[in-house]
Amino acid sequence: MRALPFSTFRPARRMTALIAGTAAVALSLGGCAASALDGGDAPKAQAQAQASQTIARGPFVSAANPLAVEAGMKVLARGGSAVDAAVAVQAVLGLAEPQSSGLGGGAFMMVYDAQSGAITVYDGRETAPAAATPELFYENGKPLAFVDAVLSGRSTGAPGVVPMLALAQKQHGALAWSELFGDAEKLAQDGFVVSERLAGMINGDAPQAKTRWATEYFTKPDGTRYQAGETLRNPAYAETVRRIARDGAAALQQGPLAEAIVAAVHEGPRPGALTTADVAGYRPVVREAVCGPYKIYTICVPPPPSSGASVLELLAMAEQTPDIDKGPDSPEAWAAFGQLQRLMYADRDRYFGDPAFVSVPVTGLLDPAYVAERAALAPGLRGAAPFGVPAGAPNVGADATREPAGTSHLVVVDAQGNAVSMTTTVESLFGSGRMAGGFFLNNQLTDFSLVPTASDGTPAANAVAAGKRPRSSMSPALILDREGRLVGLLGSPGGSSILAYNAKALIGALAWGLPLQQAFDLPNLVAKGDGFGADTEGFPASVREGMAARGVVLQPNTTETSGLHGGLWRNGRWDGAADSRREGVARTQ
């Protein structure tokens, strides 16, 4: 079946079924609905019943902490929408998994409307303060050391996730906003059990866990730090979510919480320039999805400043590369996957940034002729790939952006089939390490290129500017059939490796036909620059040797590991999955 062409997705009203006669086969992941012809017209009631079977309905939630998943399932059980449940999930994640995301961070959210088939992208990426300059992270004429930039007040942008969720819930919510924070408030007030992963971060080497704010929060009265299995209380967080439940995003953007955010940012060393006006003036952006074909499906992702279109470029190149389809036991497939990544990352790093400040050549990058030209380079690559020059490419300089660990992903589908795929972050582990109102503040501004210009003065696409949103690797994805019906959704944390992790999962599930959990648990391979970082021991020796014979020599992966969460609609039910590398779960009714 021919896949849909690349597009900026504006689907018409969703076709609910293809029905003729008295029987039809419901939608499955393997293709579009089929019909059994018997020469007669089906009664209207039977047709409506059959149509309802083709909709990928919930309740379904997959997220990185069981407490957050439970909060989302409770909202769905009360008749809440997918967006309602996502609000509840985020509120609990910010408490129970604060190393990854929270109320002081940002996110990209993809919302699928089951009735119309429409997709809406909500951009909750943080913005640089009005006083920011391209040399934001310079000191004495030189760039700061990265860790010093992260820990500084300069790293925090105006928080975006709460305003973004408030806007999305206003447009897609079924319950009152005030009813979505009960689990988060109770867990914060009464206490929640510290997980193994959180305990490891609390007691680990990340400098953000050692700031005065984090030390105060994570230290028990006896002077020791919290360990796994112990109960941690956060009354300040409980008060924050009570205020947000009552007053909406204004509770965070104005008044005492906004003032507390700015006060924390302005503390030394290296205070930031964020003001209460910057926090109050933040606005989420509603954008149109970028969609492209893969096999018989259509994959939809957010546009820039997200890097989702880079995943589409890689998948398009994979369609030009027969070795990819040889499967997970093939060294040829994995070697090709690594080389295609090098090409994809070279293009992403060169061109992606905030589209309000730089022209990102998305259409050119996904043009079939350009894709074929890039894919043809893969077999001969030795070392780092050069960036290409697609149609519409601007003259931009080399990039010097670093993306450390600290992100989460969640998916939700409600009883009507409406869905959310959302990647959310405070950037590094515990963000900047600074806190206000019981939550950590982001260090998203270190997602800008720390060096704003090339040696000839040409600015990088991702250079700092006042009011600008930093480039993001967050790429929440929706998977549609040819009729625009939802058949899957997924995403991952992982810094810049998100692009590799999402692509691996999509190829594993859609090209190699694996159950989603198996696709998620495949070993990771991240090929950026001149190396191949991998879950080396996860590859059989024969595959490693075959890859090495093709110039792909694996080294241990030094980037943040994957945390894939998602689901595929298969055989009339959700094939849900949560990456075994983390603590998440996937739940249906």
# chains A, B, ... in the order shown; residues from 1 in each chain; ligands from 1
$ residues_around --residues "Val311 (chain A)" --least-positions-apart "5" --cutoff "9 Å" --atoms "only C-alpha atoms" --output "MDAnalysis selection string"
chainID A and resid 301 316 344 475 499:500 502:503
$ write_last_selection --atoms "all heavy atoms" --output "PDB file, in the first residue's frame"
ATOM      1  N   VAL A 301       5.066  14.259  13.918  1.00  0.00           N
ATOM      2  CA  VAL A 301       5.942  14.761  14.977  1.00  0.00           C
ATOM      3  C   VAL A 301       5.787  16.275  15.055  1.00  0.00           C
ATOM      4  O   VAL A 301       5.236  16.899  14.141  1.00  0.00           O
ATOM      5  CB  VAL A 301       7.413  14.391  14.685  1.00  0.00           C
ATOM      6  CG1 VAL A 301       7.652  12.887  14.799  1.00  0.00           C
ATOM      7  CG2 VAL A 301       7.824  14.897  13.303  1.00  0.00           C
ATOM      8  N   ALA A 316      12.858   8.179   6.160  1.00  0.00           N
ATOM      9  CA  ALA A 316      12.798   8.283   4.701  1.00  0.00           C
ATOM     10  C   ALA A 316      14.062   7.709   4.066  1.00  0.00           C
ATOM     11  O   ALA A 316      14.003   7.028   3.035  1.00  0.00           O
ATOM     12  CB  ALA A 316      12.593   9.739   4.290  1.00  0.00           C
ATOM     13  N   MET A 344      21.723  12.035   9.374  1.00  0.00           N
ATOM     14  CA  MET A 344      20.604  12.753   9.977  1.00  0.00           C
ATOM     15  C   MET A 344      21.081  13.774  10.997  1.00  0.00           C
ATOM     16  O   MET A 344      20.662  14.937  10.990  1.00  0.00           O
ATOM     17  CB  MET A 344      19.647  11.752  10.619  1.00  0.00           C
ATOM     18  CG  MET A 344      18.479  12.366  11.362  1.00  0.00           C
ATOM     19  SD  MET A 344      18.813  12.616  13.135  1.00  0.00           S
ATOM     20  CE  MET A 344      18.871  10.940  13.735  1.00  0.00           C
ATOM     21  N   SER A 475      10.801  14.606  20.597  1.00  0.00           N
ATOM     22  CA  SER A 475      10.101  14.290  19.352  1.00  0.00           C
ATOM     23  C   SER A 475       8.958  13.314  19.594  1.00  0.00           C
ATOM     24  O   SER A 475       8.965  12.191  19.075  1.00  0.00           O
ATOM     25  CB  SER A 475      11.083  13.692  18.333  1.00  0.00           C
ATOM     26  OG  SER A 475      12.191  14.529  18.124  1.00  0.00           O
ATOM     27  N   LEU A 499      16.456  11.039  19.143  1.00  0.00           N
ATOM     28  CA  LEU A 499      16.187  10.801  17.729  1.00  0.00           C
ATOM     29  C   LEU A 499      16.536   9.362  17.347  1.00  0.00           C
ATOM     30  O   LEU A 499      15.788   8.698  16.624  1.00  0.00           O
ATOM     31  CB  LEU A 499      16.967  11.785  16.872  1.00  0.00           C
ATOM     32  CG  LEU A 499      16.811  13.266  17.262  1.00  0.00           C
ATOM     33  CD1 LEU A 499      17.671  14.148  16.367  1.00  0.00           C
ATOM     34  CD2 LEU A 499      15.362  13.693  17.200  1.00  0.00           C
ATOM     35  N   ALA A 500      17.654   8.870  17.861  1.00  0.00           N
ATOM     36  CA  ALA A 500      18.057   7.490  17.589  1.00  0.00           C
ATOM     37  C   ALA A 500      17.113   6.509  18.270  1.00  0.00           C
ATOM     38  O   ALA A 500      16.743   5.479  17.688  1.00  0.00           O
ATOM     39  CB  ALA A 500      19.488   7.261  18.061  1.00  0.00           C
ATOM     40  N   ASN A 502      13.888   6.920  19.243  1.00  0.00           N
ATOM     41  CA  ASN A 502      12.578   6.880  18.608  1.00  0.00           C
ATOM     42  C   ASN A 502      12.633   6.144  17.273  1.00  0.00           C
ATOM     43  O   ASN A 502      11.742   5.354  16.940  1.00  0.00           O
ATOM     44  CB  ASN A 502      12.049   8.301  18.400  1.00  0.00           C
ATOM     45  CG  ASN A 502      11.582   8.954  19.685  1.00  0.00           C
ATOM     46  OD1 ASN A 502      11.627   8.356  20.761  1.00  0.00           O
ATOM     47  ND2 ASN A 502      11.124  10.189  19.594  1.00  0.00           N
ATOM     48  N   ALA A 503      13.678   6.423  16.484  1.00  0.00           N
ATOM     49  CA  ALA A 503      13.807   5.763  15.181  1.00  0.00           C
ATOM     50  C   ALA A 503      13.978   4.259  15.340  1.00  0.00           C
ATOM     51  O   ALA A 503      13.395   3.465  14.589  1.00  0.00           O
ATOM     52  CB  ALA A 503      14.975   6.368  14.409  1.00  0.00           C
TER      53      ALA A 503
END
$ residues_around --residues "region 259-263 of chain A" --least-positions-apart "6" --cutoff "12 Å" --atoms "only C-alpha atoms" --output "PyMOL selection string"
chain A and resi 103-105+129+153-154+156-159+236+240+251-253+271-280+432+434-442
$ write_last_selection --atoms "N, CA and C atoms" --output "mmCIF file, in the first residue's frame"
data_model
loop_
_atom_site.group_PDB
_atom_site.id
_atom_site.type_symbol
_atom_site.label_atom_id
_atom_site.label_comp_id
_atom_site.auth_asym_id
_atom_site.auth_seq_id
_atom_site.Cartn_x
_atom_site.Cartn_y
_atom_site.Cartn_z
ATOM 1 N N LEU A 103 7.166 20.985 37.005
ATOM 2 C CA LEU A 103 6.410 22.214 36.804
ATOM 3 C C LEU A 103 7.296 23.375 36.381
ATOM 4 N N GLY A 104 8.573 23.288 36.635
ATOM 5 C CA GLY A 104 9.499 24.344 36.246
ATOM 6 C C GLY A 104 10.163 24.112 34.913
ATOM 7 N N GLY A 105 9.642 23.161 34.120
ATOM 8 C CA GLY A 105 10.264 22.813 32.853
ATOM 9 C C GLY A 105 9.402 23.130 31.650
ATOM 10 N N PRO A 129 15.107 34.918 28.458
ATOM 11 C CA PRO A 129 14.611 36.211 28.953
ATOM 12 C C PRO A 129 14.880 37.346 27.976
ATOM 13 N N GLY A 153 22.355 30.786 37.306
ATOM 14 C CA GLY A 153 20.999 31.291 37.109
ATOM 15 C C GLY A 153 20.706 31.621 35.657
ATOM 16 N N ARG A 154 21.747 31.734 34.857
ATOM 17 C CA ARG A 154 21.554 32.082 33.448
ATOM 18 C C ARG A 154 20.911 30.949 32.648
ATOM 19 N N THR A 156 18.244 29.160 33.223
ATOM 20 C CA THR A 156 16.804 28.948 33.374
ATOM 21 C C THR A 156 16.005 29.863 32.460
ATOM 22 N N GLY A 157 15.150 29.248 31.645
ATOM 23 C CA GLY A 157 14.217 29.994 30.814
ATOM 24 C C GLY A 157 12.854 30.087 31.465
ATOM 25 N N ALA A 158 11.989 30.920 30.918
ATOM 26 C CA ALA A 158 10.623 31.045 31.433
ATOM 27 C C ALA A 158 9.919 29.699 31.297
ATOM 28 N N PRO A 159 9.417 29.122 32.395
ATOM 29 C CA PRO A 159 8.822 27.782 32.341
ATOM 30 C C PRO A 159 7.611 27.726 31.420
ATOM 31 N N ALA A 236 5.774 21.884 50.262
ATOM 32 C CA ALA A 236 5.818 23.052 49.380
ATOM 33 C C ALA A 236 5.219 22.710 48.016
ATOM 34 N N THR A 240 1.960 24.248 46.056
ATOM 35 C CA THR A 240 2.053 24.723 44.676
ATOM 36 C C THR A 240 0.936 24.147 43.819
ATOM 37 N N ALA A 251 -1.187 30.937 38.562
ATOM 38 C CA ALA A 251 -0.594 30.703 39.877
ATOM 39 C C ALA A 251 0.917 30.586 39.798
ATOM 40 N N LEU A 252 1.422 30.078 38.660
ATOM 41 C CA LEU A 252 2.868 29.949 38.486
ATOM 42 C C LEU A 252 3.470 31.176 37.808
ATOM 43 N N GLN A 253 2.706 31.819 36.951
ATOM 44 C CA GLN A 253 3.262 32.908 36.145
ATOM 45 C C GLN A 253 3.176 34.266 36.826
ATOM 46 N N PRO A 271 24.253 34.862 38.616
ATOM 47 C CA PRO A 271 22.793 35.000 38.574
ATOM 48 C C PRO A 271 22.291 35.205 37.149
ATOM 49 N N GLY A 272 21.023 34.844 36.947
ATOM 50 C CA GLY A 272 20.400 35.012 35.648
ATOM 51 C C GLY A 272 19.642 36.313 35.551
ATOM 52 N N ALA A 273 19.128 36.590 34.357
ATOM 53 C CA ALA A 273 18.424 37.844 34.093
ATOM 54 C C ALA A 273 16.921 37.652 33.959
ATOM 55 N N LEU A 274 16.409 36.446 34.230
ATOM 56 C CA LEU A 274 14.976 36.195 34.130
ATOM 57 C C LEU A 274 14.210 37.106 35.087
ATOM 58 N N THR A 275 13.128 37.686 34.600
ATOM 59 C CA THR A 275 12.322 38.596 35.415
ATOM 60 C C THR A 275 10.905 38.057 35.563
ATOM 61 N N THR A 276 10.159 38.651 36.492
ATOM 62 C CA THR A 276 8.752 38.273 36.629
ATOM 63 C C THR A 276 7.981 38.604 35.355
ATOM 64 N N ALA A 277 8.397 39.635 34.632
ATOM 65 C CA ALA A 277 7.744 39.961 33.354
ATOM 66 C C ALA A 277 7.985 38.861 32.331
ATOM 67 N N ASP A 278 9.199 38.274 32.318
ATOM 68 C CA ASP A 278 9.481 37.158 31.418
ATOM 69 C C ASP A 278 8.591 35.962 31.746
ATOM 70 N N VAL A 279 8.460 35.650 33.037
ATOM 71 C CA VAL A 279 7.647 34.508 33.455
ATOM 72 C C VAL A 279 6.175 34.757 33.121
ATOM 73 N N ALA A 280 5.692 35.954 33.429
ATOM 74 C CA ALA A 280 4.285 36.288 33.172
ATOM 75 C C ALA A 280 3.982 36.353 31.682
ATOM 76 N N SER A 432 18.540 22.867 36.825
ATOM 77 C CA SER A 432 19.677 23.690 37.260
ATOM 78 C C SER A 432 20.081 23.402 38.699
ATOM 79 N N ARG A 434 18.343 24.376 41.143
ATOM 80 C CA ARG A 434 17.685 25.427 41.925
ATOM 81 C C ARG A 434 16.199 25.097 42.029
ATOM 82 N N MET A 435 15.580 25.515 43.127
ATOM 83 C CA MET A 435 14.192 25.156 43.368
ATOM 84 C C MET A 435 13.364 26.372 43.765
ATOM 85 N N ALA A 436 12.061 26.264 43.511
ATOM 86 C CA ALA A 436 11.074 27.242 43.973
ATOM 87 C C ALA A 436 9.756 26.494 44.109
ATOM 88 N N GLY A 437 9.028 26.743 45.178
ATOM 89 C CA GLY A 437 7.722 26.120 45.340
ATOM 90 C C GLY A 437 7.741 24.617 45.398
ATOM 91 N N GLY A 438 8.873 24.026 45.817
ATOM 92 C CA GLY A 438 8.973 22.578 45.913
ATOM 93 C C GLY A 438 9.323 21.868 44.626
ATOM 94 N N PHE A 439 9.622 22.603 43.550
ATOM 95 C CA PHE A 439 9.976 21.967 42.277
ATOM 96 C C PHE A 439 11.283 22.547 41.742
ATOM 97 N N PHE A 440 11.950 21.766 40.895
ATOM 98 C CA PHE A 440 13.227 22.184 40.319
ATOM 99 C C PHE A 440 12.995 23.076 39.107
ATOM 100 N N LEU A 441 13.910 24.026 38.936
ATOM 101 C CA LEU A 441 13.864 24.921 37.792
ATOM 102 C C LEU A 441 14.702 24.347 36.649
ATOM 103 N N ASN A 442 14.255 24.598 35.437
ATOM 104 C CA ASN A 442 14.940 24.076 34.258
ATOM 105 C C ASN A 442 16.292 24.744 34.024
#
$ atom_distance --atom1 "CA of Leu377 (chain A)" --atom2 "CA of Ala463 (chain A)"
28.9 Å
$ residues_around --residues "Pro66 (chain A)" --least-positions-apart "5" --cutoff "12 Å" --atoms "only C-alpha atoms" --output "PyMOL selection string"
chain A and resi 61+71-73+89+92-93+96-97+192-195+410+578+582-587
$ write_last_selection --atoms "N, CA, C and O atoms" --output "mmCIF file, in the first residue's frame"
data_model
loop_
_atom_site.group_PDB
_atom_site.id
_atom_site.type_symbol
_atom_site.label_atom_id
_atom_site.label_comp_id
_atom_site.auth_asym_id
_atom_site.auth_seq_id
_atom_site.Cartn_x
_atom_site.Cartn_y
_atom_site.Cartn_z
ATOM 1 N N VAL A 61 -2.448 4.186 29.484
ATOM 2 C CA VAL A 61 -1.427 5.133 29.935
ATOM 3 C C VAL A 61 -0.097 4.397 30.018
ATOM 4 O O VAL A 61 -0.028 3.278 30.538
ATOM 5 N N ALA A 71 -2.296 7.839 38.624
ATOM 6 C CA ALA A 71 -3.020 9.112 38.634
ATOM 7 C C ALA A 71 -3.737 9.336 37.313
ATOM 8 O O ALA A 71 -4.891 9.787 37.276
ATOM 9 N N GLY A 72 -3.081 9.036 36.211
ATOM 10 C CA GLY A 72 -3.710 9.194 34.907
ATOM 11 C C GLY A 72 -4.877 8.250 34.702
ATOM 12 O O GLY A 72 -5.920 8.639 34.157
ATOM 13 N N MET A 73 -4.723 7.007 35.137
ATOM 14 C CA MET A 73 -5.814 6.042 34.987
ATOM 15 C C MET A 73 -7.033 6.443 35.809
ATOM 16 O O MET A 73 -8.176 6.250 35.388
ATOM 17 N N VAL A 89 -0.779 13.130 35.146
ATOM 18 C CA VAL A 89 0.469 12.370 35.053
ATOM 19 C C VAL A 89 1.662 13.296 35.245
ATOM 20 O O VAL A 89 2.591 13.001 36.012
ATOM 21 N N VAL A 92 2.261 14.407 38.886
ATOM 22 C CA VAL A 92 2.886 13.396 39.742
ATOM 23 C C VAL A 92 4.327 13.128 39.316
ATOM 24 O O VAL A 92 5.210 12.949 40.167
ATOM 25 N N LEU A 93 4.603 13.113 38.011
ATOM 26 C CA LEU A 93 5.987 12.930 37.565
ATOM 27 C C LEU A 93 6.904 14.014 38.135
ATOM 28 O O LEU A 93 8.039 13.731 38.528
ATOM 29 N N ALA A 96 7.503 12.738 41.770
ATOM 30 C CA ALA A 96 8.114 11.431 41.984
ATOM 31 C C ALA A 96 9.310 11.159 41.083
ATOM 32 O O ALA A 96 10.098 10.252 41.370
ATOM 33 N N GLU A 97 9.457 11.919 40.008
ATOM 34 C CA GLU A 97 10.590 11.769 39.082
ATOM 35 C C GLU A 97 11.162 13.149 38.771
ATOM 36 O O GLU A 97 11.294 13.537 37.612
ATOM 37 N N PHE A 192 5.641 10.091 49.379
ATOM 38 C CA PHE A 192 5.693 9.034 48.376
ATOM 39 C C PHE A 192 6.972 8.244 48.589
ATOM 40 O O PHE A 192 7.947 8.741 49.171
ATOM 41 N N VAL A 193 6.980 7.008 48.131
ATOM 42 C CA VAL A 193 8.133 6.137 48.318
ATOM 43 C C VAL A 193 9.189 6.458 47.259
ATOM 44 O O VAL A 193 8.892 6.463 46.060
ATOM 45 N N VAL A 194 10.393 6.725 47.708
ATOM 46 C CA VAL A 194 11.503 7.026 46.807
ATOM 47 C C VAL A 194 11.866 5.769 46.019
ATOM 48 O O VAL A 194 12.094 4.701 46.593
ATOM 49 N N SER A 195 11.884 5.895 44.694
ATOM 50 C CA SER A 195 12.198 4.749 43.843
ATOM 51 C C SER A 195 13.701 4.518 43.770
ATOM 52 O O SER A 195 14.507 5.366 44.177
ATOM 53 N N LEU A 410 5.456 10.424 28.129
ATOM 54 C CA LEU A 410 4.207 9.790 28.531
ATOM 55 C C LEU A 410 3.257 9.732 27.345
ATOM 56 O O LEU A 410 3.310 10.567 26.441
ATOM 57 N N ALA A 578 6.745 -0.101 28.145
ATOM 58 C CA ALA A 578 7.544 0.861 28.899
ATOM 59 C C ALA A 578 8.966 0.337 28.945
ATOM 60 O O ALA A 578 9.197 -0.829 29.301
ATOM 61 N N ARG A 582 14.109 1.659 32.559
ATOM 62 C CA ARG A 582 13.636 2.604 33.576
ATOM 63 C C ARG A 582 12.545 1.953 34.419
ATOM 64 O O ARG A 582 12.427 0.721 34.444
ATOM 65 N N GLU A 583 11.760 2.743 35.113
ATOM 66 C CA GLU A 583 10.820 2.221 36.105
ATOM 67 C C GLU A 583 9.361 2.359 35.680
ATOM 68 O O GLU A 583 8.459 2.155 36.485
ATOM 69 N N GLY A 584 9.132 2.684 34.421
ATOM 70 C CA GLY A 584 7.781 2.951 33.980
ATOM 71 C C GLY A 584 6.950 1.697 33.789
ATOM 72 O O GLY A 584 7.450 0.566 33.794
ATOM 73 N N VAL A 585 5.641 1.918 33.598
ATOM 74 C CA VAL A 585 4.705 0.833 33.326
ATOM 75 C C VAL A 585 3.729 1.304 32.267
ATOM 76 O O VAL A 585 3.534 2.504 32.058
ATOM 77 N N ALA A 586 3.103 0.349 31.595
ATOM 78 C CA ALA A 586 2.026 0.616 30.645
ATOM 79 C C ALA A 586 0.786 -0.094 31.163
ATOM 80 O O ALA A 586 0.852 -1.283 31.499
ATOM 81 N N ARG A 587 -0.345 0.638 31.221
ATOM 82 C CA ARG A 587 -1.561 0.053 31.791
ATOM 83 C C ARG A 587 -2.770 0.317 30.913
ATOM 84 O O ARG A 587 -2.931 1.401 30.360
#
$ closest_residue --among "A:Ala549, A:Val111, A:Leu381, A:Val162" --to "Asp247 (chain A)" --atoms "only C-alpha atoms"
A:Val162
$ select_by_dssp --residues "region 328-443 of chain A" --states "helix (DSSP H, G or I)" --output "PyMOL selection string"
chain A and resi 331-351+362-365+368-375+378-380
$ closest_residue --among "A:Ala64, A:Met474, A:Ile479, A:Val371" --to "Ile119 (chain A)" --atoms "only C-alpha atoms"
A:Ile479
$ closest_residue --among "A:Glu185, A:Asp530, A:Asp414, A:Glu216" --to "Arg57 (chain A)" --atoms "only C-alpha atoms"
A:Asp414
$ residues_around --residues "Lys186 (chain A)" --least-positions-apart "5" --cutoff "9 Å" --atoms "only C-alpha atoms" --output "ChimeraX atom specification"
/A:181,191,238
$ residues_around --residues "Phe60 (chain A)" --least-positions-apart "3" --cutoff "10 Å" --atoms "only C-alpha atoms" --output "PyMOL selection string"
chain A and resi 56-57+69+72-73+76+82+411-415+417+419+566-567+573-576+586-589
$ residues_around --residues "Gln169 (chain A)" --least-positions-apart "4" --cutoff "10 Å" --atoms "only C-alpha atoms" --output "list in words"
Ser81, Ala82, Val83, Asp84, Ala85, Ala86, Val87, Pro163, Met164, Leu165, Gly173, Ala174, Leu175, Ala176 and Trp177 of chain A
$ closest_residue --among "A:Gly508, A:Trp569, A:Val420, A:Leu180" --to "Ala63 (chain A)" --atoms "only C-alpha atoms"
A:Val420
$ closest_residue --among "A:Ser155, A:Thr215, A:Thr127, A:Gln171" --to "Pro284 (chain A)" --atoms "only C-alpha atoms"
A:Thr127
$ select_by_dssp --residues "region 469-525 of chain A" --states "strand (DSSP E or B)" --output "PyMOL selection string"
chain A and resi 472+477-480+486-491+525
$ atom_distance --atom1 "CA of Ala356 (chain A)" --atom2 "CA of Gly308 (chain A)"
16.9 Å
$ atom_distance --atom1 "CA of Met547 (chain A)" --atom2 "CA of Pro331 (chain A)"
5.1 Å
$ closest_residue --among "A:Ser178, A:Gln115, A:Gln208, A:Thr401" --to "Leu486 (chain A)" --atoms "only C-alpha atoms"
A:Gln115
